[in-house]
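Colleague: Take a look at this one; I'll ask things after.
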Amino acid sequence: MKENRYGLPPKQGLYDPQLEKDACGMGFVANIKGKKSHTIIQQALTVLENMEHRGGQGSEPNTGDGAGIMLQIPHAFFARELKGQGIELPANGEYAVGMLFLSQDEALRSTHERELESIIREEGQTLIGWRTVPTNDGKLGESAKSVKPFVRQVFIGRSADIQDELAFERKIYVIRKRSEHAIRYSGAEGADTYYIPSMSSKKIVYKGMLTTEQVRSFYLELNDEAVETAIALVHSRFSTNTFPSWERAHPYRYMIHNGEINTLRGNVNWMHARQTLFETELFGSDMDKIKPVIDPDGSDTAMFDNTLEFMYLSGRSLPHVAMMMVPEPWSNHEGMDDDKKAFYEYHSTLMEPWDGPAAMGFTD
């Protein structure tokens, strides 16, 4: 079988990546008062390691289907690290961090970085700097090592004309989507080595083609006491009849889930068919820059996450979007409030339920 840089084959013969399904382990830890600490990260990684039985592995026991963690931006840690490079970070919330999987080829990697930098400038934001993420391959299996990306972080400063954090998140979203269209989906040789696990002023994702216990040993900074968060989402991927890859590990940019999404094709077609009509003053002239909203090579979860992200950034609250996309069984629910039934009935005309997952976790 042919395969791309990260090990996921294209459609061929009887294999179609759009028919892949998975059933995984997931969990989250949070301080209910929003107090950040390194303890939350350690507890979350312990949760993850105890879900080893919910994670798939190949013929090599040290090559996993994928595992990862999402946490809040550890501002104190990044301020310290960039100060060592002679860079002064703005205040927390005044910058975004992009987590990038890039090519191991230095020339290609540099080309992709320069393209991203150009887009950042064109969108009126400031490139603060780059940081190479220290990683440890010691426990990785050969399959994971052979397709391992070069992991980098880019720091983007918020322009003075952007007044609130959600507007900044929208602009960062535009930058990410533009770079994906210009690089990953350009069709150029090596384009598929470019992938952005997260790009946000609020949260960051550390993930990969890892087993549950490899996350803390691979990403060395997760063991640094200065890395603090008040919330952490963790996920262990079990790929049923699917191929593992670095980018298909969870968490995605907004959510994690356990189980497969069964009603995928109809909703993806709905998004493709209607996106030419999408209109919101929040995106304004940026709307055409983000289409197509759904990445063509994404998994079922990636496509769900693409839709959730777009709907949220278009003006709805995150709980509102989650209820739209994964409604309760409402039509014959005798005890449900009429207003809630009306909410579900109205939104059922907009899209069919993204049915299937046993559990979902999501956060902005």
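Following the order of the structure tokens, first chain is A, next is B, and so on, with residues numbered from 1 inside each chain and ligands from 1 in the order they appear.
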Hey, what's within 9 Å of Ser200 (chain A) if we count only C-alpha atoms and toss same-chain stuff fewer than 6 positions away? As a list of chain:residue names, please?

Modeller: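 Here the answer would be A:Ile73, A:Tyr95, A:Ala96, A:Val97, A:Gly98, A:Met99, A:Phe168, A:Glu169, A:Ile172, A:Tyr173, A:Arg253.
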
Colleague: For the residues in that selection, give me N, CA, C and O atoms as a short mmCIF file (atom, residue, chain, number, x, y, z; two decimals), in the first residue's frame.

Modeller:
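Below is the file that was written, part_11.cif:
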data_model
loop_
_atom_site.label_atom_id
_atom_site.label_comp_id
_atom_site.auth_asym_id
_atom_site.auth_seq_id
_atom_site.Cartn_x
_atom_site.Cartn_y
_atom_site.Cartn_z
N ILE A 73 -2.54 27.45 28.15
CA ILE A 73 -1.22 27.98 27.84
C ILE A 73 -0.43 28.18 29.14
O ILE A 73 -0.86 28.92 30.02
N TYR A 95 -0.97 36.94 23.28
CA TYR A 95 -0.25 36.21 22.23
C TYR A 95 -0.86 34.82 22.11
O TYR A 95 -1.57 34.33 23.00
N ALA A 96 -0.60 34.18 21.00
CA ALA A 96 -1.05 32.81 20.76
C ALA A 96 0.15 31.92 20.54
O ALA A 96 1.22 32.38 20.13
N VAL A 97 -0.03 30.64 20.82
CA VAL A 97 1.01 29.65 20.59
C VAL A 97 0.50 28.61 19.59
O VAL A 97 -0.57 28.03 19.79
N GLY A 98 1.26 28.42 18.54
CA GLY A 98 0.94 27.36 17.59
C GLY A 98 1.85 26.18 17.83
O GLY A 98 3.07 26.33 17.92
N MET A 99 1.26 25.01 17.98
CA MET A 99 2.02 23.76 18.09
C MET A 99 2.04 23.14 16.69
O MET A 99 0.97 22.88 16.12
N PHE A 168 -9.44 37.56 18.78
CA PHE A 168 -8.07 37.09 18.52
C PHE A 168 -8.07 35.62 18.13
O PHE A 168 -7.36 35.21 17.21
N GLU A 169 -8.89 34.81 18.81
CA GLU A 169 -8.99 33.40 18.45
C GLU A 169 -9.47 33.24 17.01
O GLU A 169 -8.99 32.36 16.27
N ILE A 172 -6.54 34.04 14.71
CA ILE A 172 -5.58 32.93 14.74
C ILE A 172 -6.12 31.76 13.92
O ILE A 172 -5.37 31.07 13.21
N TYR A 173 -7.42 31.53 14.00
CA TYR A 173 -8.08 30.50 13.20
C TYR A 173 -7.90 30.78 11.71
O TYR A 173 -7.59 29.87 10.92
N ARG A 253 -8.52 20.14 18.56
CA ARG A 253 -8.34 21.52 19.03
C ARG A 253 -9.38 21.95 20.05
O ARG A 253 -9.16 22.89 20.80
#

Colleague: Could you name the residues that touch Lys139 (chain A) at 9 Å or less, counting only C-alpha atoms, but leaving out those on the same chain fewer than 5 positions away, as an MDAnalysis selection string?

Modeller: chainID A and resid 62:63 214 217:218

Colleague: Write a file of the just-selected residues containing N, CA, C and O atoms, as a PDB file, in the first residue's frame.

Modeller:
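File selection.pdb, as written:
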ATOM      1  N   ASN A  62       5.746  -0.849  21.810  1.00  0.00           N
ATOM      2  CA  ASN A  62       6.112   0.533  22.128  1.00  0.00           C
ATOM      3  C   ASN A  62       5.745   1.512  21.012  1.00  0.00           C
ATOM      4  O   ASN A  62       6.250   2.634  20.958  1.00  0.00           O
ATOM      5  N   THR A  63       4.859   1.105  20.098  1.00  0.00           N
ATOM      6  CA  THR A  63       4.274   2.019  19.118  1.00  0.00           C
ATOM      7  C   THR A  63       2.773   2.052  19.337  1.00  0.00           C
ATOM      8  O   THR A  63       2.100   1.030  19.183  1.00  0.00           O
ATOM      9  N   GLN A 214       4.012   7.104  27.161  1.00  0.00           N
ATOM     10  CA  GLN A 214       5.073   7.801  26.433  1.00  0.00           C
ATOM     11  C   GLN A 214       4.859   9.308  26.357  1.00  0.00           C
ATOM     12  O   GLN A 214       5.796  10.041  26.016  1.00  0.00           O
ATOM     13  N   SER A 217       7.109  11.119  28.795  1.00  0.00           N
ATOM     14  CA  SER A 217       8.534  10.911  28.533  1.00  0.00           C
ATOM     15  C   SER A 217       8.957  11.529  27.198  1.00  0.00           C
ATOM     16  O   SER A 217      10.106  11.943  27.038  1.00  0.00           O
ATOM     17  N   PHE A 218       8.034  11.625  26.244  1.00  0.00           N
ATOM     18  CA  PHE A 218       8.374  12.204  24.937  1.00  0.00           C
ATOM     19  C   PHE A 218       8.411  13.726  25.005  1.00  0.00           C
ATOM     20  O   PHE A 218       9.368  14.361  24.550  1.00  0.00           O
TER      21      PHE A 218
END

Colleague: Work out how far CA of Pro90 (chain A) is from CA of Asp224 (chain A), in Å to one decimal.

Modeller: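 For CA of Asp224 (chain A) relative to CA of Pro90 (chain A), the distance reads 21.3 Å.
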
Colleague: Kindly indicate which residue among A:Gly129, A:Gly34, A:Gly190, A:Gly13 lies nearest to Ala107 (chain A), using only C-alpha atoms for the distances.

Modeller: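 The shortest atom-to-atom distance to Ala107 (chain A) comes from A:Gly190.
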
Colleague: Expressed in Å to a single decimal, how great is the separation between CA of Val268 (chain A) and CA of Gly27 (chain A)?

Modeller: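 That distance, rounded to one decimal, is 26.8 Å.
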
Colleague: One decimal, in Å: what's the spacing between CA of Leu140 (chain A) and CA of Gln43 (chain A)?

Modeller: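 Straight-line distance from CA of Leu140 (chain A) to CA of Gln43 (chain A) works out to 22.6 Å.
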
Colleague: Can you pull out every residue within 9 Å of Ala230 (chain A), counting only C-alpha atoms, but drop anything in the same chain fewer than 2 positions away, and send it as a PyMOL selection string?

Modeller: chain A and resi 29-38+40-41+71-72+228+232

Colleague: As a list of chain:residue names, please: the residues near region 148-158 of chain A (cut-off 6 Å, only C-alpha atoms, same-chain neighbours under 6 positions excluded).

Modeller: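 That gives A:Glu94, A:Tyr95, A:Ala96, A:Val97, A:Gly98, A:Met99, A:Leu100, A:Phe101, A:Leu102, A:Ser103, A:Gln104, A:Gln125, A:Thr126, A:Leu127, A:Ile128, A:Gly129, A:Trp130, A:Arg131, A:Thr132, A:Val133.
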
Colleague: Using only all heavy atoms, please write the residues we just selected to a file, as a compact mmCIF listing (two decimals), in the first residue's frame.

Modeller:
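See selection_34.txt below for the written result:
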# COMPACT_ATOMS: atom_id res chain seq x y z
N GLU A 94 -2.29 37.91 25.39
CA GLU A 94 -1.92 38.88 24.35
C GLU A 94 -1.12 38.24 23.23
O GLU A 94 -0.64 38.92 22.34
CB GLU A 94 -1.11 40.04 24.97
CG GLU A 94 -1.88 40.87 25.98
CD GLU A 94 -3.03 41.64 25.34
OE1 GLU A 94 -2.85 42.14 24.22
OE2 GLU A 94 -4.11 41.72 25.96
N TYR A 95 -0.97 36.94 23.28
CA TYR A 95 -0.25 36.21 22.23
C TYR A 95 -0.86 34.82 22.11
O TYR A 95 -1.57 34.33 23.00
CB TYR A 95 1.24 36.09 22.56
CG TYR A 95 1.54 35.25 23.78
CD1 TYR A 95 1.85 33.89 23.66
CD2 TYR A 95 1.51 35.79 25.05
CE1 TYR A 95 2.11 33.11 24.77
CE2 TYR A 95 1.77 35.02 26.18
CZ TYR A 95 2.08 33.69 26.04
OH TYR A 95 2.33 32.91 27.14
N ALA A 96 -0.60 34.18 21.00
CA ALA A 96 -1.05 32.81 20.76
C ALA A 96 0.15 31.92 20.54
O ALA A 96 1.22 32.38 20.13
CB ALA A 96 -1.97 32.75 19.55
N VAL A 97 -0.03 30.64 20.82
CA VAL A 97 1.01 29.65 20.59
C VAL A 97 0.50 28.61 19.59
O VAL A 97 -0.57 28.03 19.79
CB VAL A 97 1.42 28.94 21.90
CG1 VAL A 97 2.58 27.97 21.63
CG2 VAL A 97 1.78 29.93 22.98
N GLY A 98 1.26 28.42 18.54
CA GLY A 98 0.94 27.36 17.59
C GLY A 98 1.85 26.18 17.83
O GLY A 98 3.07 26.33 17.92
N MET A 99 1.26 25.01 17.98
CA MET A 99 2.02 23.76 18.09
C MET A 99 2.04 23.14 16.69
O MET A 99 0.97 22.88 16.12
CB MET A 99 1.33 22.83 19.09
CG MET A 99 2.14 21.62 19.46
SD MET A 99 3.36 22.07 20.71
CE MET A 99 3.75 20.43 21.35
N LEU A 100 3.23 22.94 16.15
CA LEU A 100 3.34 22.49 14.76
C LEU A 100 4.11 21.19 14.64
O LEU A 100 5.13 21.00 15.29
CB LEU A 100 4.05 23.55 13.91
CG LEU A 100 3.20 24.71 13.40
CD1 LEU A 100 2.94 25.73 14.50
CD2 LEU A 100 3.88 25.39 12.22
N PHE A 101 3.60 20.30 13.77
CA PHE A 101 4.34 19.14 13.30
C PHE A 101 4.90 19.51 11.93
O PHE A 101 4.15 19.84 11.01
CB PHE A 101 3.43 17.92 13.15
CG PHE A 101 2.96 17.31 14.46
CD1 PHE A 101 1.95 16.35 14.45
CD2 PHE A 101 3.51 17.69 15.67
CE1 PHE A 101 1.52 15.77 15.65
CE2 PHE A 101 3.09 17.12 16.86
CZ PHE A 101 2.09 16.15 16.86
N LEU A 102 6.22 19.46 11.81
CA LEU A 102 6.89 19.87 10.58
C LEU A 102 7.81 18.78 10.05
O LEU A 102 8.05 17.77 10.72
CB LEU A 102 7.70 21.15 10.84
CG LEU A 102 6.89 22.38 11.28
CD1 LEU A 102 7.81 23.47 11.78
CD2 LEU A 102 6.02 22.89 10.14
N SER A 103 8.33 19.00 8.86
CA SER A 103 9.20 18.02 8.21
C SER A 103 10.53 17.91 8.94
O SER A 103 11.06 18.89 9.47
CB SER A 103 9.44 18.43 6.77
OG SER A 103 10.40 17.59 6.16
N GLN A 104 11.10 16.71 8.93
CA GLN A 104 12.45 16.51 9.46
C GLN A 104 13.49 17.07 8.50
O GLN A 104 14.64 17.28 8.89
CB GLN A 104 12.71 15.02 9.69
CG GLN A 104 11.89 14.39 10.81
CD GLN A 104 12.38 14.80 12.20
OE1 GLN A 104 13.40 15.48 12.34
NE2 GLN A 104 11.66 14.40 13.24
N GLN A 125 -0.82 40.50 12.25
CA GLN A 125 -0.34 40.09 13.57
C GLN A 125 1.19 40.07 13.60
O GLN A 125 1.84 40.20 12.56
CB GLN A 125 -0.91 38.71 13.94
CG GLN A 125 -2.43 38.61 13.82
CD GLN A 125 -3.17 39.72 14.54
OE1 GLN A 125 -3.08 39.87 15.76
NE2 GLN A 125 -3.93 40.53 13.79
N THR A 126 1.75 39.89 14.77
CA THR A 126 3.20 39.99 14.94
C THR A 126 3.83 38.63 15.20
O THR A 126 3.36 37.89 16.09
CB THR A 126 3.54 40.92 16.13
OG1 THR A 126 2.94 42.20 15.91
CG2 THR A 126 5.04 41.10 16.29
N LEU A 127 4.86 38.31 14.45
CA LEU A 127 5.63 37.10 14.75
C LEU A 127 6.57 37.40 15.90
O LEU A 127 7.47 38.24 15.77
CB LEU A 127 6.43 36.65 13.53
CG LEU A 127 7.38 35.48 13.78
CD1 LEU A 127 6.62 34.18 13.98
CD2 LEU A 127 8.39 35.35 12.64
N ILE A 128 6.36 36.74 17.03
CA ILE A 128 7.22 36.96 18.20
C ILE A 128 8.48 36.10 18.10
O ILE A 128 9.59 36.56 18.39
CB ILE A 128 6.46 36.65 19.50
CG1 ILE A 128 5.29 37.63 19.66
CG2 ILE A 128 7.39 36.73 20.71
CD1 ILE A 128 4.37 37.29 20.82
N GLY A 129 8.32 34.85 17.70
CA GLY A 129 9.47 33.97 17.60
C GLY A 129 9.07 32.52 17.50
O GLY A 129 7.89 32.16 17.53
N TRP A 130 10.10 31.66 17.39
CA TRP A 130 9.93 30.22 17.28
C TRP A 130 10.64 29.53 18.45
O TRP A 130 11.59 30.06 19.00
CB TRP A 130 10.51 29.69 15.98
CG TRP A 130 9.74 30.06 14.75
CD1 TRP A 130 9.89 31.21 14.01
CD2 TRP A 130 8.73 29.29 14.12
NE1 TRP A 130 9.02 31.18 12.95
CE2 TRP A 130 8.30 30.01 12.98
CE3 TRP A 130 8.14 28.05 14.39
CZ2 TRP A 130 7.31 29.54 12.12
CZ3 TRP A 130 7.16 27.58 13.54
CH2 TRP A 130 6.75 28.32 12.41
N ARG A 131 10.18 28.35 18.75
CA ARG A 131 10.83 27.52 19.78
C ARG A 131 10.76 26.07 19.35
O ARG A 131 9.69 25.57 18.99
CB ARG A 131 10.13 27.70 21.13
CG ARG A 131 10.65 26.79 22.22
CD ARG A 131 9.96 27.07 23.57
NE ARG A 131 10.44 26.16 24.59
CZ ARG A 131 9.83 25.02 24.93
NH1 ARG A 131 8.69 24.67 24.36
NH2 ARG A 131 10.35 24.23 25.85
N THR A 132 11.89 25.37 19.38
CA THR A 132 11.91 23.93 19.12
C THR A 132 11.54 23.20 20.40
O THR A 132 12.12 23.45 21.46
CB THR A 132 13.29 23.48 18.63
OG1 THR A 132 13.59 24.15 17.40
CG2 THR A 132 13.33 21.98 18.41
N VAL A 133 10.56 22.31 20.32
CA VAL A 133 10.09 21.57 21.49
C VAL A 133 11.03 20.41 21.77
O VAL A 133 11.21 19.54 20.90
CB VAL A 133 8.66 21.05 21.27
CG1 VAL A 133 8.17 20.26 22.49
CG2 VAL A 133 7.71 22.22 20.97

Colleague: Let me make sure I understand: among A:Gly84, A:Gly68, A:Pro10, A:Pro353, which one has the smallest atom-to-atom distance to Leu233 (chain A) if we use only C-alpha atoms?

Modeller: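 The answer is A:Gly68, which sits nearest to Leu233 (chain A).
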
Colleague: Hey, what's within 12 Å of Thr349 (chain A) if we count only C-alpha atoms and toss same-chain stuff fewer than 5 positions away? As a PyMOL selection string, please?

Modeller: chain A and resi 267+270+324-325+342-344

Colleague: Per DSSP on the backbone, filter region 96-283 of chain A down to the residues in strand (DSSP E) and report them as number ranges by chain.

Modeller: A: 96-102, 126-132, 150-157, 195-200, 203-208, 231-236, 239-240, 255-258

Colleague: Which residues in region 197-290 of chain A does DSSP call alpha helix (DSSP H)? List them as a list in words.

Modeller: Gln214, Val215, Arg216, Ser217, Phe218, Leu264, Arg265, Gly266, Asn267, Val268, Asn269, Trp270, Met271, His272, Ala273 and Arg274 of chain A

Colleague: Give me, as a PyMOL selection string, all polymer residues having an atom no more than 10 Å from His181 (chain A), counting only C-alpha atoms and skipping those fewer than 2 positions away in the same chain.

Modeller: chain A and resi 176-179+183-187+289-292+295
